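All remarks here apply to the structure that follows.
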Amino acid sequence: MYKLLLAWRYLRTRYIALASIISVTLGVATLIVVNSVMAGFTQEMHKRLHGILSDVVLESHDLNGLPDPQWHMQQIRQVIPDELAGMTASVHVPAMLNFQYNGNWITRQVQLIGVDRATYAQVSDFGQYLLHPENQKQLEFLLREDGYAPRKKDFPVAGWKWRRVKADYEEALLEQQRLQMQQQRATQPATDPAGGGLPATEGDQSSPPDSPFPLVNGETSTFVESQPPARILPGNEPAATPETVPPGTIPAVPYGQPLAADNEIVFDPAKEQHTGIILGIALCSVRHREEDGTVKDHFLCLPGDDVQLTLPNSGRPPKAISNRFTVVDLYESGMSEYDSKLAFIPLDEMQHLRGMVDHSRGIASVTSIQIKLKPGADLNHVRDRLQERFPAQQFGYRIQTWRDMQGPLLSAVQLETTILNILLFLIIAVAGFGILATFFMIVVEKTRDIGVLKSLGAPSGGVMSIFLSYGFCLGIVGSGVGLILGLVLVVNINDIAAGLEHLTGREVFDPTVYYFQSIPTIIEPLTIALVVVGAVGIAVLASILPARHAAKLHPVEALRYE
Amino acid sequence: MSSSSQLHFENSPSLDLAGCQVERRSDVKTAGETEPTVPFAMETRGLVKNYRKGKLLIKVLQSVDFEVRQGEFQAVIGQSGSGKSTLLHLLGTLDEADDGEVFFEGNRIDNLPATSRDILRNRYLGMVFQFYHLLPELSMLENVLMPLMIQHGVFRYWCQRRANTQRAKYLLDLVGLSHRLQHKPRQLSGGEMQRAAIARALIANPKVLLADEPTGNLDRKTGGDIMQILRTLNQDQNLTIVMVTHDQTIARQADRTVQLVEGRMQSLVPGDI
C-alpha cells in the first residue's frame, strides 16, 4: 500500500524525474512516427513493385523464349494445382524507343513487354496504374477519344482529340512547304541571280502555321480544335496543281508526302492509329519545378502521338527491326524504375514482329510466364516446387518470386528500417541512463525517508519496490504521452509536413523525388505495443540499480544522513 | 474503540514474527524470586558495539546491561557520543551489535532474520526521533497511518481503511493534532511534528516506545508538552517507554534514569541528577 502511495506522491512532486522521462516520450513518439512512415513506404513500395510483377515468374534465359508456352502452363497447372490463381505469358525484350519532340528525334532505351491483354490483368495490378479510367477497367490497345488522367488537373489534351490536331497541323505544315517550294520555283527565273537570299517578306509568308502545341509556343498558344490552322493556310487553293510545275523538274512533293498513286492505302493519322503501345510515364515526361515552386510534368509525348520502336528479331544473328506504334496510354506506378523503363505492346503483335511464331505448328513462343497465386500461398514453396519441375540443368529457366526479383531493394529498405529502429531505441536507452541518474539523485534525496520507512518496519523489498514502481509509473507516463504524441504526429503527418514547408520554405516531401502525393503511413498495433513495452522496460531497468541501492541502505546511517 | 485497552499488553506475551522461532531466555525467572516485580519489557546483556572509521576503532558500547520493566518510563542520559542513541538503535534492531544479546519480553531479538525484525519493529516497537522524521510527501494522517500501510497489503488495508483512519484520528486527537489531519509536515511546527511522530509510533499498538531525544530539537515549553504526553501515555496506558536524552531536567520526569558514560552503564538514583 505504502509503496503505491509513495510512488504516486513522488511522481507528483518530483518533476525532475518527469523531465528525464521526456526523452523517453520523444523516443517513443519518434519510433512510432518512423515505424509508421517506414511501414507506409514499404507497403506502398511493395504494392508498386508487386503491381507489375506477378507472384512467381518463370523466365526463359533466351530472349527468343520458351518454345511451347501451352505445354509449360499445363505443367505448371499440374505442379501447383491448389495454389494457382492465374497465369499469363509475356515477352520481354530490350528495345529502342524513338519519338519526335519539337523537331528533334529522341531515342530512349526501354524494356518492351508484350502482354496478353485478356489475361495479363489476372496476374498483376498493371491495369490500375494506367491513366485512362477505361483502360484501368479493361486493357485495350486502342486510342481513346479523350479523358486521360482525370485526376491530374494539368494533364494536357491527349487521345484522338490531340491526334487530330497534330495531324492537321502536320498536314498544313507540309502543304505550306509545298506551296513555298512551288513559289520559289516559279519566281526563280525572274529574280536576279545576284540578288541573294529570299526577301524578307517572303520569309514572313512562309512562317509556319500557328502551332497548336502548348509545348512549342508555351503559354501564349491555346488549344483550339474547332479551327485547325491547317484549314486556314492552304485556303481555297488546294489545287497546287502539277501544271504550274515547270516541265522537266521533279514534282514538288516533299519527302514523306504520299504520292497520288498510293492514295488508296495512305495512312491517315487523323483517323487511324498504329498498333497501340503503353509507355511508362517517365519515358515521355520530365518532372520539373516551375518558378513559383509548383511541380509539373512536362510531356514530350502524349497518348495520340506516334513513336518508333526498334527491337531485335528472333533471327540468328538477331537483326534490328522497327515499327511504328501509337501511344495509347501511359503507365504510372510511382516506381521510377518501372515508369522510366517499361513499354507495353500486345503480345501477338510482338510475336509476329519478332518472328516468334512457328506457323507450321501454330505456336508462338514467349519469354516468361507470370503466375499469380491464391492469397496466402507460400511463394517460396511454390518457387521451389517449380524449380524441381523445371531443373536449371535441363531447362535454363529462372524461376523467381517477385521478392527475389526485387531482393536488393527490399532488403535495403528492411535494413534501413532495422538500423533506424536500433538508433532510435538507443535514444530511449540514453533516456534510460538519464532516468538512472535522476533516480540515484532521488534516492540520495530520500535517504532519510528510506531510513524512516525501515525503522517503521518496511522490508528492503518494499523499499525497492517503491522505486521500481516509481520507475514503472514514469515509464508508463512517458511512453503513454509518447504514444499519444506519436499517433497524433502520424495521423497529421501531411499537415505537419505542409506546415514545415510553409515555415522553412523548403519542401519536406519533394514530389519531384517521390511519386507519392502524400506521405503514406501505416499504424501497426504490434510495433507500437513493442515500442511502448520496450520503453517501459527500459524505465524499469534503469530504476533497478537505484532501487537496490535504496533497499541496501543501512537504516541507522540513513536516519543520520544529513 | 478504547485505546487504553488496546495498548495494554497481555501478561503472557507471545511474539508473532511470521513463524520465526525465537529463543527464550533461560534465566528469565531468576530475578522473580526475591522481588515481586513486573517482568522486563526489554533487556540487553553484555552489549558491545564498535564503529570503525578507517583504521580507527571507536568503542561505542562496552558490555552494556540494560533493562526496562513493563509499564516503566525509563530515561537514558549521557553526553553526546556516549552511545545512548546506538543503544536505542540496538534495542530497536535497527543496528546489529558486535556482541551481546537483546531481549524483548524474554525473547532474543538481535539474532532474528531481517524479515522478523521488520515485523517486530512494525508491530511491537514504536520509535520517535529527535528530528521527527515524518515523510514530507504525506499528510499528517497518512504519516500516522504509514506503519499500518506497511503492515497490510493493499487489499487488507483497503478493507480496514475506515477502522485504521478512525484509530489514526483518535491518536492525533490524543496528541492534540486533530485540526491538522491534512497538513503536510512542513506546514507544522516542530512540536506538532513530534506529536504526529508519537501518534505514528503508537498506531500499530506497540508494547515499547523508543524515543531518541524527543525534545532535543524543541524549546523548553514545547518539550515540556511532549514530555507531558509521554508521561500521560505511560501512566494512563501503561506504555513502556525508553527515552534517550542528554537533558537531565527532561530525564528527571522519567520513572527511572540510567546513565551511559563512555559506553558503560552507570546506575543513578533519582536524587543524583
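The way I read the labels, and the way they are meant: chains A, B, ... in the order of the C-alpha cells, residue 1 as the first residue of every chain, and ligand 1 as the first ligand shown, with later ones counted on from there.
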
**OP:** Name all residues at most 9 Å from stretch 25-31 of chain A (count only C-alpha atoms; drop same-chain ones fewer than 2 positions away) and give them as an MDAnalysis selection string.
**Re:** chainID A and resid 21:23 33:36 420:421 424:428 431 475 477:487 489 528 531:532 535

Dump of N, CA and C atoms for the selected residues, as an mmCIF file, in the first residue's frame:
data_model
loop_
_atom_site.group_PDB
_atom_site.id
_atom_site.type_symbol
_atom_site.label_atom_id
_atom_site.label_comp_id
_atom_site.auth_asym_id
_atom_site.auth_seq_id
_atom_site.Cartn_x
_atom_site.Cartn_y
_atom_site.Cartn_z
ATOM 1 N N ILE A 21 11.995 11.807 -18.135
ATOM 2 C CA ILE A 21 11.161 10.888 -18.907
ATOM 3 C C ILE A 21 10.766 11.498 -20.246
ATOM 4 N N ILE A 22 10.988 12.809 -20.390
ATOM 5 C CA ILE A 22 10.629 13.445 -21.663
ATOM 6 C C ILE A 22 11.387 12.791 -22.804
ATOM 7 N N SER A 23 12.636 12.413 -22.529
ATOM 8 C CA SER A 23 13.402 11.777 -23.604
ATOM 9 C C SER A 23 12.782 10.442 -23.986
ATOM 10 N N VAL A 33 6.484 7.296 -35.099
ATOM 11 C CA VAL A 33 6.367 8.009 -36.371
ATOM 12 C C VAL A 33 7.216 7.320 -37.437
ATOM 13 N N VAL A 34 8.468 7.044 -37.082
ATOM 14 C CA VAL A 34 9.370 6.455 -38.073
ATOM 15 C C VAL A 34 8.844 5.098 -38.535
ATOM 16 N N ASN A 35 8.409 4.302 -37.577
ATOM 17 C CA ASN A 35 7.926 2.979 -37.964
ATOM 18 C C ASN A 35 6.679 3.060 -38.832
ATOM 19 N N SER A 36 5.793 3.990 -38.482
ATOM 20 C CA SER A 36 4.571 4.106 -39.275
ATOM 21 C C SER A 36 4.890 4.568 -40.687
ATOM 22 N N LEU A 420 17.332 2.194 -38.325
ATOM 23 C CA LEU A 420 16.622 3.324 -37.718
ATOM 24 C C LEU A 420 16.053 2.931 -36.366
ATOM 25 N N ASN A 421 15.486 1.716 -36.322
ATOM 26 C CA ASN A 421 14.906 1.262 -35.064
ATOM 27 C C ASN A 421 15.964 1.125 -33.990
ATOM 28 N N LEU A 424 17.032 4.574 -32.856
ATOM 29 C CA LEU A 424 16.029 5.251 -32.034
ATOM 30 C C LEU A 424 15.885 4.565 -30.685
ATOM 31 N N PHE A 425 16.063 3.249 -30.689
ATOM 32 C CA PHE A 425 15.979 2.576 -29.383
ATOM 33 C C PHE A 425 17.171 2.970 -28.524
ATOM 34 N N LEU A 426 18.302 3.260 -29.186
ATOM 35 C CA LEU A 426 19.451 3.758 -28.417
ATOM 36 C C LEU A 426 19.103 5.083 -27.755
ATOM 37 N N ILE A 427 18.294 5.882 -28.448
ATOM 38 C CA ILE A 427 17.861 7.147 -27.839
ATOM 39 C C ILE A 427 17.118 6.863 -26.545
ATOM 40 N N ILE A 428 16.238 5.867 -26.605
ATOM 41 C CA ILE A 428 15.489 5.527 -25.396
ATOM 42 C C ILE A 428 16.437 4.966 -24.342
ATOM 43 N N ALA A 431 17.949 7.732 -22.719
ATOM 44 C CA ALA A 431 16.959 8.238 -21.767
ATOM 45 C C ALA A 431 16.978 7.382 -20.515
ATOM 46 N N GLY A 475 7.724 5.258 -16.608
ATOM 47 C CA GLY A 475 7.770 4.642 -17.934
ATOM 48 C C GLY A 475 6.404 4.656 -18.592
ATOM 49 N N VAL A 477 3.885 6.668 -17.897
ATOM 50 C CA VAL A 477 3.505 8.044 -18.227
ATOM 51 C C VAL A 477 4.263 8.507 -19.470
ATOM 52 N N GLY A 478 5.589 8.280 -19.447
ATOM 53 C CA GLY A 478 6.419 8.743 -20.560
ATOM 54 C C GLY A 478 6.018 8.104 -21.870
ATOM 55 N N SER A 479 5.879 6.784 -21.850
ATOM 56 C CA SER A 479 5.582 6.142 -23.129
ATOM 57 C C SER A 479 4.119 6.354 -23.501
ATOM 58 N N GLY A 480 3.259 6.539 -22.511
ATOM 59 C CA GLY A 480 1.862 6.842 -22.830
ATOM 60 C C GLY A 480 1.755 8.175 -23.552
ATOM 61 N N VAL A 481 2.424 9.193 -22.985
ATOM 62 C CA VAL A 481 2.403 10.502 -23.637
ATOM 63 C C VAL A 481 3.060 10.396 -25.011
ATOM 64 N N GLY A 482 4.171 9.637 -25.055
ATOM 65 C CA GLY A 482 4.868 9.444 -26.331
ATOM 66 C C GLY A 482 3.984 8.767 -27.351
ATOM 67 N N LEU A 483 3.217 7.789 -26.871
ATOM 68 C CA LEU A 483 2.308 7.064 -27.764
ATOM 69 C C LEU A 483 1.286 8.017 -28.373
ATOM 70 N N ILE A 484 0.689 8.827 -27.494
ATOM 71 C CA ILE A 484 -0.335 9.755 -27.984
ATOM 72 C C ILE A 484 0.294 10.760 -28.950
ATOM 73 N N LEU A 485 1.460 11.296 -28.537
ATOM 74 C CA LEU A 485 2.156 12.273 -29.380
ATOM 75 C C LEU A 485 2.485 11.657 -30.739
ATOM 76 N N GLY A 486 3.022 10.437 -30.694
ATOM 77 C CA GLY A 486 3.403 9.762 -31.934
ATOM 78 C C GLY A 486 2.211 9.551 -32.837
ATOM 79 N N LEU A 487 1.102 9.090 -32.251
ATOM 80 C CA LEU A 487 -0.083 8.824 -33.060
ATOM 81 C C LEU A 487 -0.623 10.114 -33.665
ATOM 82 N N LEU A 489 1.086 12.740 -34.356
ATOM 83 C CA LEU A 489 2.018 13.122 -35.434
ATOM 84 C C LEU A 489 1.759 12.299 -36.687
ATOM 85 N N ILE A 528 3.717 -0.811 -32.242
ATOM 86 C CA ILE A 528 3.504 0.212 -31.214
ATOM 87 C C ILE A 528 3.545 -0.420 -29.835
ATOM 88 N N VAL A 531 7.114 -1.077 -28.953
ATOM 89 C CA VAL A 531 7.825 0.153 -28.602
ATOM 90 C C VAL A 531 7.471 0.576 -27.182
ATOM 91 N N VAL A 532 6.186 0.554 -26.867
ATOM 92 C CA VAL A 532 5.740 1.013 -25.542
ATOM 93 C C VAL A 532 6.278 0.079 -24.466
ATOM 94 N N ALA A 535 9.946 0.685 -23.988
ATOM 95 C CA ALA A 535 10.250 1.926 -23.270
ATOM 96 C C ALA A 535 9.979 1.767 -21.781
#

**OP:** Write out as a PyMOL selection string every residue belonging to chain B that has an atom at most 7 Å from any atom of chain A, counting only C-alpha atoms.
**Re:** chain B and resi 94-95+115+118-119+121-122+133+135+137+146-147+149-150+153-154

Suppose we keep C-alpha atoms; can you now write the selection as a PDB file, in the first residue's frame?
ATOM      1  CA  LEU B  94      17.941  -1.074  13.519  1.00  0.00           C
ATOM      2  CA  ASP B  95      21.580  -1.954  14.019  1.00  0.00           C
ATOM      3  CA  THR B 115      12.050 -10.121   7.947  1.00  0.00           C
ATOM      4  CA  ASP B 118      10.967  -5.763  10.305  1.00  0.00           C
ATOM      5  CA  ILE B 119       7.763  -7.225  11.738  1.00  0.00           C
ATOM      6  CA  ARG B 121       9.701  -3.003  14.556  1.00  0.00           C
ATOM      7  CA  ASN B 122       6.435  -2.622  12.755  1.00  0.00           C
ATOM      8  CA  HIS B 133      11.365  12.067  10.548  1.00  0.00           C
ATOM      9  CA  LEU B 135       7.657  11.777   5.310  1.00  0.00           C
ATOM     10  CA  GLU B 137       5.169  13.980   0.745  1.00  0.00           C
ATOM     11  CA  MET B 146       2.189   4.543   7.478  1.00  0.00           C
ATOM     12  CA  PRO B 147       3.032   1.626   9.858  1.00  0.00           C
ATOM     13  CA  MET B 149       0.170   0.535   5.417  1.00  0.00           C
ATOM     14  CA  ILE B 150       3.470  -1.270   5.769  1.00  0.00           C
ATOM     15  CA  GLY B 153      -1.182  -5.409   1.821  1.00  0.00           C
ATOM     16  CA  VAL B 154      -3.210  -3.207  -0.471  1.00  0.00           C
TER      17      VAL B 154
END

**OP:** Give me every strand (DSSP E) residue in stretch 87-220 of chain B, going by DSSP on the backbone, as JSON, numbers by chain.
**Re:** {"B": [99, 100, 101, 102, 103, 104, 107, 108, 125, 126, 127, 128, 208, 209, 210, 211, 212]}

**OP:** Tell me, as a PyMOL selection string, which residues lie within 9 Å of A:Asp62, counting only C-alpha atoms; anything in the same chain fewer than 6 positions away does not count.
**Re:** chain A and resi 367+396-397

Dump C-alpha atoms for the selected residues as a PDB file, in the first residue's frame?
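Written out: selection-v7.pdb:
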ATOM      1  CA  THR A 367       9.955 -15.380 -72.825  1.00  0.00           C
ATOM      2  CA  GLY A 396      17.683 -22.998 -68.091  1.00  0.00           C
ATOM      3  CA  TYR A 397      14.777 -21.049 -66.731  1.00  0.00           C
TER       4      TYR A 397
END

Subject >> All helix (DSSP H, G or I) residues (DSSP, backbone) inside stretch 337-444 of chain A, as a VMD selection string >> reply: chain A and resid 337 to 339 347 to 354 379 to 389 392 to 395 402 to 405 407 to 444

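Pairwise distance (atom CA of A:His502, atom CA of A:Val295) equals 15.8 Å.
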
Subject >> Contacts of B:Gln248 within 12 Å, only C-alpha atoms, excl. fewer than 2 positions in-chain, as a PyMOL selection string >> reply: chain B and resi 75-79+213+215-216+243-246+250-254+256-259+268+270-273

**OP:** Determine, counting only C-alpha atoms, which protein, DNA and RNA residues have an atom within 9 Å of an atom of A:Asn494; residues of the same chain fewer than 5 positions away are not included. Present the result as a PyMOL selection string.
**Re:** chain A and resi 499+518-520

Using C-alpha atoms, can you export the residues from the last selection as a short mmCIF file (atom, residue, chain, number, x, y, z; two decimals), in the first residue's frame?
data_model
loop_
_atom_site.label_atom_id
_atom_site.label_comp_id
_atom_site.auth_asym_id
_atom_site.auth_seq_id
_atom_site.Cartn_x
_atom_site.Cartn_y
_atom_site.Cartn_z
CA GLY A 499 3.37 23.38 -42.06
CA SER A 518 1.20 12.36 -49.63
CA ILE A 519 3.33 10.61 -47.06
CA PRO A 520 2.00 7.10 -46.65
#

**OP:** Pick out the residues sitting within 6 Å of A:Ser340, and hand them over as a PyMOL selection string; count only C-alpha atoms, and ignore anything fewer than 2 positions along from it in its own chain.
**Re:** chain A and resi 280+282-283+336-338

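Distances to B:Asn205 were evaluated for B:Gln62, B:Gln266, B:Asn50, B:Gln151 using only C-alpha atoms, and the minimum falls at B:Gln151.
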
**OP:** Determine, counting only C-alpha atoms, which protein, DNA and RNA residues have an atom within 9 Å of an atom of stretch 362-364 of chain A; residues of the same chain fewer than 4 positions away are not included. Present the result as a list in words.
**Re:** Pro67, Asp68, Pro69, Gln70, Asp348, Gln351, His352, Gly355, Met356, Val357 and Asp358 of chain A

Save the residues we just selected, C-alpha atoms, as an mmCIF file, in the first residue's frame?
data_model
loop_
_atom_site.group_PDB
_atom_site.id
_atom_site.type_symbol
_atom_site.label_atom_id
_atom_site.label_comp_id
_atom_site.auth_asym_id
_atom_site.auth_seq_id
_atom_site.Cartn_x
_atom_site.Cartn_y
_atom_site.Cartn_z
ATOM 1 C CA PRO A 67 9.065 -22.694 -77.422
ATOM 2 C CA ASP A 68 5.804 -24.124 -76.205
ATOM 3 C CA PRO A 69 4.076 -21.942 -73.624
ATOM 4 C CA GLN A 70 0.902 -24.018 -73.566
ATOM 5 C CA ASP A 348 0.566 -11.262 -80.567
ATOM 6 C CA GLN A 351 5.402 -12.324 -81.531
ATOM 7 C CA HIS A 352 4.629 -11.542 -85.165
ATOM 8 C CA GLY A 355 9.083 -13.809 -85.817
ATOM 9 C CA MET A 356 8.399 -15.903 -82.763
ATOM 10 C CA VAL A 357 5.502 -17.716 -84.365
ATOM 11 C CA ASP A 358 6.002 -21.240 -85.609
#
